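Just below is one structure, and these are the notes that go with it.
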Amino acid sequence: MENSEIKSPTYDISKFRLKRILNNNSVRKSISLLGTFPDLSETDEAIVVFEKNAYQESDISTEAASKESPAKPSYFSAELKVNTEFINNIYGSFQVVPSLDLCAVKSTVIYPATDKHVEKYSICQKYLIRETPDLYESTTLPYINESQFSLEWVYNILEHKKETERIVFEDKDPETGFILLPDLKWDGRNVENLYLLGIVHKHDIKSIRDLNGSHLPLLLNIRQSAKDEISKRYGLNPNQLRMYFHYQPSFYHLHVHINPIRNDAPGIWCEKSHMLDTVISNLELLSDYYQRATLPFVVYEGNKLLDLYEEKLTVRSVAAPISESKGREEEPAVESAVDGFSDDDPEERECKRIRLATPDPKEAEATAQVCA
Ligand code: M7G
């Protein structure tokens with residue numbers, strides 16, 4: 001929320017009115033919706049995200065309850081409603097509806113949602129930018145300073161105004177301290193898909209780009225203290241944890257993402273994540289590594305930063321049509337790189353480009369690439 005006056009709006013999720021679907025992810029079993037809460041405002045837009053929860057092992061328990069282990073909700077109970085689709089020989093297909101306790105859907109609401117939120121939750125074309133230190137100073141930094149998500153929720157956590165009861169661990173040292181707590185994305189039920197955030201107390205580190213050798217005590221403290229606490233509290237082996245930063249992050253106040261490596265959490269792709277271990281090692285080798293390095297990052301269609309980069313680099317446009325093999329070279333180029341899409345609607349086209357042309361050799365040297 002851009003408006004710092006807005007503290008905690010109240011809404012009734014059941015009164016949500018859908019305008020359009022922003023993203024329907026069948027792999028993650030999540031759907032992001034844009035709409036309004038008409039009882040509050042006809043104009044303020046809201047985003048509602050529904051995500052089916054992962055299974056907990058206790059959900060499928062078949063053990064009878066005892067004094068030591070009282071009954072927990074399980075699929076295999078008298079409450080299970082079973083609709084048989086077919087049984088053919090040794091194969092059976094069913095739709096089952098478990099007890100109410102097991103039907104919960106994790107829901108996130110952002111209200112009022114800004115255009116930036118709509119962009120973030122929409123499915124869109126993505127591009128890879130290779131950001132040199134100069135490009136960071138001239139293009140990314142001014143953009144971040146002028147247009148970024150509010151950090152109000154972060155300061156609310158650090159100042160113990162919100163989510164206080166969710167804090168898992170805190171080190172209050174102003175230089176090396178941090179707060180460890182569940183990420184908004186974690187359902188909080190299942191250690192299998194545990195997702196914690198380590199938010200630093202220091203206020204002047206926007207992202208890994210600002211990190212230097214003087215921050216090593218902070219980073220080493222986060223690595224050790226978070227591992228110790230997670231091992232103690234959740235029984236997870238510290239060597240099974242993935243600890244990483246995003247570049248670019250959505251929120252420019254340094255925070256570490258932590259989840260188990262056996263779980264493919266959202267946002268762990270190599271084009272977005274920088275392992276805490278690697279960051280520490282880079283800084284140990286070279287104190288100003290992140291002021292000298294070229295850092296790649298992904299930018300989405302619709303983001304103003306992409307337009308700013310487009311003014312300097314060739315990001316969207318590509319020089320030549322696809323030439324799939326040498327044997328096909330005599331075939332006429334049916335489509336130019338820009339026109340090579342069947343959608344007539346230019347807006348649709350922006351978001352649906354699925355073919356990549358081979359860049360001109362000179363362009364291959366350019367500091368931006370188009371990615372699938
Ligand atoms: P990021 O790398 O800045 O952006 O991470 P990303 O969303 O592209 O990953 C910010 C992290 O903060 C994300 O994992 C969010 O799910 C999480 N997050 C965002 N908000 C608004 C909240 C919040 O209010 N509370 C908590 N606990 N986590 C949040």
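Residue numbers start at 1 in each chain; chains themselves are named A, B, ... in the order of the structure tokens; ligands are numbered from 1 in the order shown.
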
Considering only C-alpha atoms, return as a VMD selection string whatever protein or nucleic-acid residues lie within 12 Å of A:Pro296, sequence-local ones (same chain, fewer than 2 positions apart) excluded. chain A and resid 127 to 133 135 to 136 209 246 to 248 270 to 274 290 293 to 294 298 to 299 367 to 371

Contacts of chain A with ligand 1 up to 7 Å, shortest pair per row, only C-alpha atoms and all ligand atoms, as a tab-separated table:
```
residue	atom	partner	partner_atom_place_in_ligand_line	distance
A:Trp153	CA	ligand 1	24 (O)	5.1
A:Leu181	CA	ligand 1	27 (N)	6.4
A:Pro182	CA	ligand 1	27 (N)	5.4
A:Asp183	CA	ligand 1	27 (N)	4.1
A:Leu184	CA	ligand 1	28 (N)	3.9
A:Lys185	CA	ligand 1	16 (O)	4.8
A:Leu197	CA	ligand 1	12 (O)	7.0
A:Phe245	CA	ligand 1	2 (O)	6.6
A:His246	CA	ligand 1	2 (O)	4.6
A:Pro249	CA	ligand 1	3 (O)	3.8
A:Ser250	CA	ligand 1	3 (O)	3.6
A:Phe251	CA	ligand 1	3 (O)	3.8
A:Tyr252	CA	ligand 1	3 (O)	6.5
A:His257	CA	ligand 1	14 (O)	6.8
A:Gly267	CA	ligand 1	9 (O)	6.1
```

Selection file, N, CA and C atoms, as a JSON list (two decimals), in the first residue's frame:
```
[["chain", "number", "residue", "atom", "x", "y", "z"],
["A", 153, "TRP", "N", 4.63, -2.36, 6.39],
["A", 153, "TRP", "CA", 4.45, -3.66, 7.05],
["A", 153, "TRP", "C", 5.74, -4.14, 7.68],
["A", 181, "LEU", "N", 10.53, -14.48, 11.41],
["A", 181, "LEU", "CA", 9.09, -14.77, 11.56],
["A", 181, "LEU", "C", 8.55, -15.41, 10.29],
["A", 182, "PRO", "N", 7.34, -16.02, 10.37],
["A", 182, "PRO", "CA", 6.78, -16.66, 9.19],
["A", 182, "PRO", "C", 6.49, -15.66, 8.09],
["A", 183, "ASP", "N", 6.81, -16.05, 6.88],
["A", 183, "ASP", "CA", 6.46, -15.27, 5.69],
["A", 183, "ASP", "C", 4.95, -15.36, 5.50],
["A", 184, "LEU", "N", 4.43, -14.30, 4.89],
["A", 184, "LEU", "CA", 3.02, -14.25, 4.52],
["A", 184, "LEU", "C", 2.60, -15.49, 3.73],
["A", 185, "LYS", "N", 3.52, -16.04, 2.96],
["A", 185, "LYS", "CA", 3.19, -17.16, 2.07],
["A", 185, "LYS", "C", 3.05, -18.49, 2.80],
["A", 197, "LEU", "N", 11.06, -15.50, 7.21],
["A", 197, "LEU", "CA", 11.81, -14.34, 6.74],
["A", 197, "LEU", "C", 12.70, -13.87, 7.88],
["A", 245, "PHE", "N", 18.59, -14.38, -0.75],
["A", 245, "PHE", "CA", 18.02, -13.05, -1.01],
["A", 245, "PHE", "C", 17.41, -13.05, -2.40],
["A", 246, "HIS", "N", 16.46, -12.16, -2.61],
["A", 246, "HIS", "CA", 15.97, -11.91, -3.95],
["A", 246, "HIS", "C", 16.64, -10.67, -4.52],
["A", 249, "PRO", "N", 14.39, -7.46, -5.11],
["A", 249, "PRO", "CA", 13.30, -7.81, -4.20],
["A", 249, "PRO", "C", 12.07, -6.96, -4.52],
["A", 250, "SER", "N", 10.95, -7.29, -3.94],
["A", 250, "SER", "CA", 9.78, -6.40, -4.06],
["A", 250, "SER", "C", 9.86, -5.30, -3.00],
["A", 251, "PHE", "N", 10.50, -5.64, -1.87],
["A", 251, "PHE", "CA", 10.54, -4.71, -0.73],
["A", 251, "PHE", "C", 12.01, -4.40, -0.41],
["A", 252, "TYR", "N", 12.33, -3.10, -0.48],
["A", 252, "TYR", "CA", 13.74, -2.70, -0.39],
["A", 252, "TYR", "C", 14.16, -2.41, 1.05],
["A", 257, "HIS", "N", 15.18, -14.92, 2.85],
["A", 257, "HIS", "CA", 14.13, -15.93, 2.72],
["A", 257, "HIS", "C", 14.70, -17.27, 3.21],
["A", 267, "GLY", "N", 9.61, -18.48, -6.13],
["A", 267, "GLY", "CA", 10.68, -17.47, -6.16],
["A", 267, "GLY", "C", 12.07, -18.01, -5.87]]
```

Residue list (strand (DSSP E or B), DSSP) for stretch 123-169 of chain A, as a list of chain:residue names: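 Those residues are A:Lys126, A:Tyr127, A:Leu128, A:Ile129, A:Arg130, A:Glu131, A:Phe169.
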
With N, CA and C atoms kept, could you save the residues just selected as a PDB file, in the first residue's frame?
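Generated output (selection_31.pdb):
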```pdb
ATOM      1  N   LYS A 126       8.362 -11.908 -19.150  1.00  0.00           N
ATOM      2  CA  LYS A 126       9.476 -11.484 -18.292  1.00  0.00           C
ATOM      3  C   LYS A 126      10.729 -11.305 -19.143  1.00  0.00           C
ATOM      4  N   TYR A 127      11.600 -10.422 -18.717  1.00  0.00           N
ATOM      5  CA  TYR A 127      12.871 -10.193 -19.417  1.00  0.00           C
ATOM      6  C   TYR A 127      14.005 -10.168 -18.402  1.00  0.00           C
ATOM      7  N   LEU A 128      15.183 -10.507 -18.887  1.00  0.00           N
ATOM      8  CA  LEU A 128      16.352 -10.500 -18.011  1.00  0.00           C
ATOM      9  C   LEU A 128      17.210  -9.281 -18.321  1.00  0.00           C
ATOM     10  N   ILE A 129      17.538  -8.511 -17.304  1.00  0.00           N
ATOM     11  CA  ILE A 129      18.410  -7.343 -17.457  1.00  0.00           C
ATOM     12  C   ILE A 129      19.732  -7.663 -16.762  1.00  0.00           C
ATOM     13  N   ARG A 130      20.834  -7.360 -17.420  1.00  0.00           N
ATOM     14  CA  ARG A 130      22.123  -7.496 -16.720  1.00  0.00           C
ATOM     15  C   ARG A 130      22.513  -6.100 -16.244  1.00  0.00           C
ATOM     16  N   GLU A 131      22.400  -5.942 -14.951  1.00  0.00           N
ATOM     17  CA  GLU A 131      22.558  -4.608 -14.366  1.00  0.00           C
ATOM     18  C   GLU A 131      24.007  -4.381 -13.931  1.00  0.00           C
ATOM     19  N   PHE A 169      12.009 -15.500  16.537  1.00  0.00           N
ATOM     20  CA  PHE A 169      13.284 -15.188  17.183  1.00  0.00           C
ATOM     21  C   PHE A 169      13.610 -13.730  16.915  1.00  0.00           C
TER      22      PHE A 169
END
```

Could you find all residues in stretch 97-249 of chain A that DSSP calls helix (DSSP H, G or I) from the backbone, and write them as a PyMOL selection string? chain A and resi 100-102+115-121+133-146+152-158+164-166+191-193+208-210+213-234+238-240

Measuring between only C-alpha atoms, which one of A:Ile157, A:Ala54, A:Leu236, A:Ala265 shows the shortest distance to A:Gly188? A:Ala54

Using only C-alpha atoms, which protein or nucleic acid residues come within 12 Å of A:Val27? Drop anything in the same chain fewer than 2 positions from it, and give the result as a PyMOL selection string. chain A and resi 23-25+29-31+51-52+264-266

Which polymer residues have any atom within 10 Å of an atom of A:Glu42, counting only C-alpha atoms, with same-chain residues fewer than 6 positions away left out, as a list in words?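 Returned residues: Arg17, Gly35 and Thr36 of chain A.
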
Just N, CA, C and O atoms for this one: save the residues we selected as an mmCIF file, in the first residue's frame.
```cif
data_model
loop_
_atom_site.group_PDB
_atom_site.id
_atom_site.type_symbol
_atom_site.label_atom_id
_atom_site.label_comp_id
_atom_site.auth_asym_id
_atom_site.auth_seq_id
_atom_site.Cartn_x
_atom_site.Cartn_y
_atom_site.Cartn_z
ATOM 1 N N ARG A 17 -16.089 -9.060 -4.944
ATOM 2 C CA ARG A 17 -16.713 -9.188 -6.279
ATOM 3 C C ARG A 17 -15.607 -9.208 -7.344
ATOM 4 O O ARG A 17 -14.814 -8.281 -7.434
ATOM 5 N N GLY A 35 -10.536 -7.649 -7.938
ATOM 6 C CA GLY A 35 -11.945 -7.281 -7.777
ATOM 7 C C GLY A 35 -12.109 -6.159 -6.784
ATOM 8 O O GLY A 35 -11.166 -5.379 -6.553
ATOM 9 N N THR A 36 -13.277 -6.089 -6.201
ATOM 10 C CA THR A 36 -13.550 -5.027 -5.226
ATOM 11 C C THR A 36 -14.314 -5.613 -4.036
ATOM 12 O O THR A 36 -14.818 -6.737 -4.115
#
```

Residue neighbourhood A:Asp228, 12 Å, only C-alpha atoms, exclusion window fewer than 6 positions, as an MDAnalysis selection string: chainID A and resid 168:169 180 221:222 234:239 241

Would you save the residues of that selection, restricted to N, CA and C atoms, as a PDB file, in the first residue's frame?
```
ATOM      1  N   VAL A 168       9.411 -15.562  15.740  1.00  0.00           N
ATOM      2  CA  VAL A 168      10.020 -16.829  16.118  1.00  0.00           C
ATOM      3  C   VAL A 168      11.303 -16.584  16.904  1.00  0.00           C
ATOM      4  N   PHE A 169      12.009 -15.500  16.537  1.00  0.00           N
ATOM      5  CA  PHE A 169      13.284 -15.188  17.183  1.00  0.00           C
ATOM      6  C   PHE A 169      13.610 -13.730  16.915  1.00  0.00           C
ATOM      7  N   LEU A 180      13.108 -12.921  13.068  1.00  0.00           N
ATOM      8  CA  LEU A 180      12.773 -14.104  12.269  1.00  0.00           C
ATOM      9  C   LEU A 180      11.290 -14.392  12.484  1.00  0.00           C
ATOM     10  N   ASN A 221      25.616 -13.605  11.577  1.00  0.00           N
ATOM     11  CA  ASN A 221      24.696 -13.771  12.708  1.00  0.00           C
ATOM     12  C   ASN A 221      23.357 -14.337  12.235  1.00  0.00           C
ATOM     13  N   ILE A 222      22.840 -13.818  11.123  1.00  0.00           N
ATOM     14  CA  ILE A 222      21.561 -14.334  10.618  1.00  0.00           C
ATOM     15  C   ILE A 222      21.709 -15.820  10.292  1.00  0.00           C
ATOM     16  N   TYR A 234      11.720 -26.228  15.104  1.00  0.00           N
ATOM     17  CA  TYR A 234      10.982 -27.033  14.116  1.00  0.00           C
ATOM     18  C   TYR A 234      11.635 -28.394  13.858  1.00  0.00           C
ATOM     19  N   GLY A 235      12.766 -28.648  14.513  1.00  0.00           N
ATOM     20  CA  GLY A 235      13.429 -29.942  14.356  1.00  0.00           C
ATOM     21  C   GLY A 235      13.996 -30.158  12.962  1.00  0.00           C
ATOM     22  N   LEU A 236      14.281 -29.068  12.243  1.00  0.00           N
ATOM     23  CA  LEU A 236      14.833 -29.231  10.886  1.00  0.00           C
ATOM     24  C   LEU A 236      16.353 -29.202  10.929  1.00  0.00           C
ATOM     25  N   ASN A 237      16.963 -30.067  10.162  1.00  0.00           N
ATOM     26  CA  ASN A 237      18.416 -30.092  10.059  1.00  0.00           C
ATOM     27  C   ASN A 237      18.883 -28.793   9.387  1.00  0.00           C
ATOM     28  N   PRO A 238      19.776 -28.031  10.025  1.00  0.00           N
ATOM     29  CA  PRO A 238      20.220 -26.755   9.445  1.00  0.00           C
ATOM     30  C   PRO A 238      20.830 -26.920   8.052  1.00  0.00           C
ATOM     31  N   ASN A 239      21.326 -28.131   7.773  1.00  0.00           N
ATOM     32  CA  ASN A 239      21.915 -28.355   6.443  1.00  0.00           C
ATOM     33  C   ASN A 239      20.850 -28.666   5.391  1.00  0.00           C
ATOM     34  N   LEU A 241      18.362 -26.397   4.957  1.00  0.00           N
ATOM     35  CA  LEU A 241      17.666 -25.121   4.769  1.00  0.00           C
ATOM     36  C   LEU A 241      18.239 -24.330   3.605  1.00  0.00           C
TER      37      LEU A 241
END
```

For A:Ser74, list every protein, DNA or RNA residue within 6 Å, evaluated using only C-alpha atoms, and leave out those in the same chain fewer than 5 positions away; present the list as a PyMOL selection string. chain A and resi 59-61

Those residues with N, CA and C atoms, as a short mmCIF file (atom, residue, chain, number, x, y, z; two decimals), in the first residue's frame please?
```
data_model
loop_
_atom_site.label_atom_id
_atom_site.label_comp_id
_atom_site.auth_asym_id
_atom_site.auth_seq_id
_atom_site.Cartn_x
_atom_site.Cartn_y
_atom_site.Cartn_z
N ASP A 59 -2.71 -35.52 8.31
CA ASP A 59 -3.99 -35.50 7.60
C ASP A 59 -4.38 -36.87 7.06
N ILE A 60 -3.38 -37.74 6.90
CA ILE A 60 -3.70 -39.04 6.30
C ILE A 60 -3.49 -40.18 7.30
N SER A 61 -3.42 -39.77 8.60
CA SER A 61 -3.20 -40.78 9.63
C SER A 61 -4.38 -41.74 9.69
#
```

For a quick check of understanding, using only C-alpha atoms, which of A:Leu305, A:Ser317, A:Gly213, A:Asn83 has the smallest distance to A:Gln148?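 Selected residue with least distance to A:Gln148: A:Leu305.
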
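Near A:Gln240, within a cut-off of 8 Å and counting only C-alpha atoms, sit the residues Pro260, Ile261 and Arg262 of chain A, with same-chain residues fewer than 6 positions away left out.
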
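Residue nearest A:Ile13 within the list A:Pro38, A:Gly302, A:Gly92, A:Gly177: A:Pro38 [criterion: smallest interatomic distance, only C-alpha atoms].
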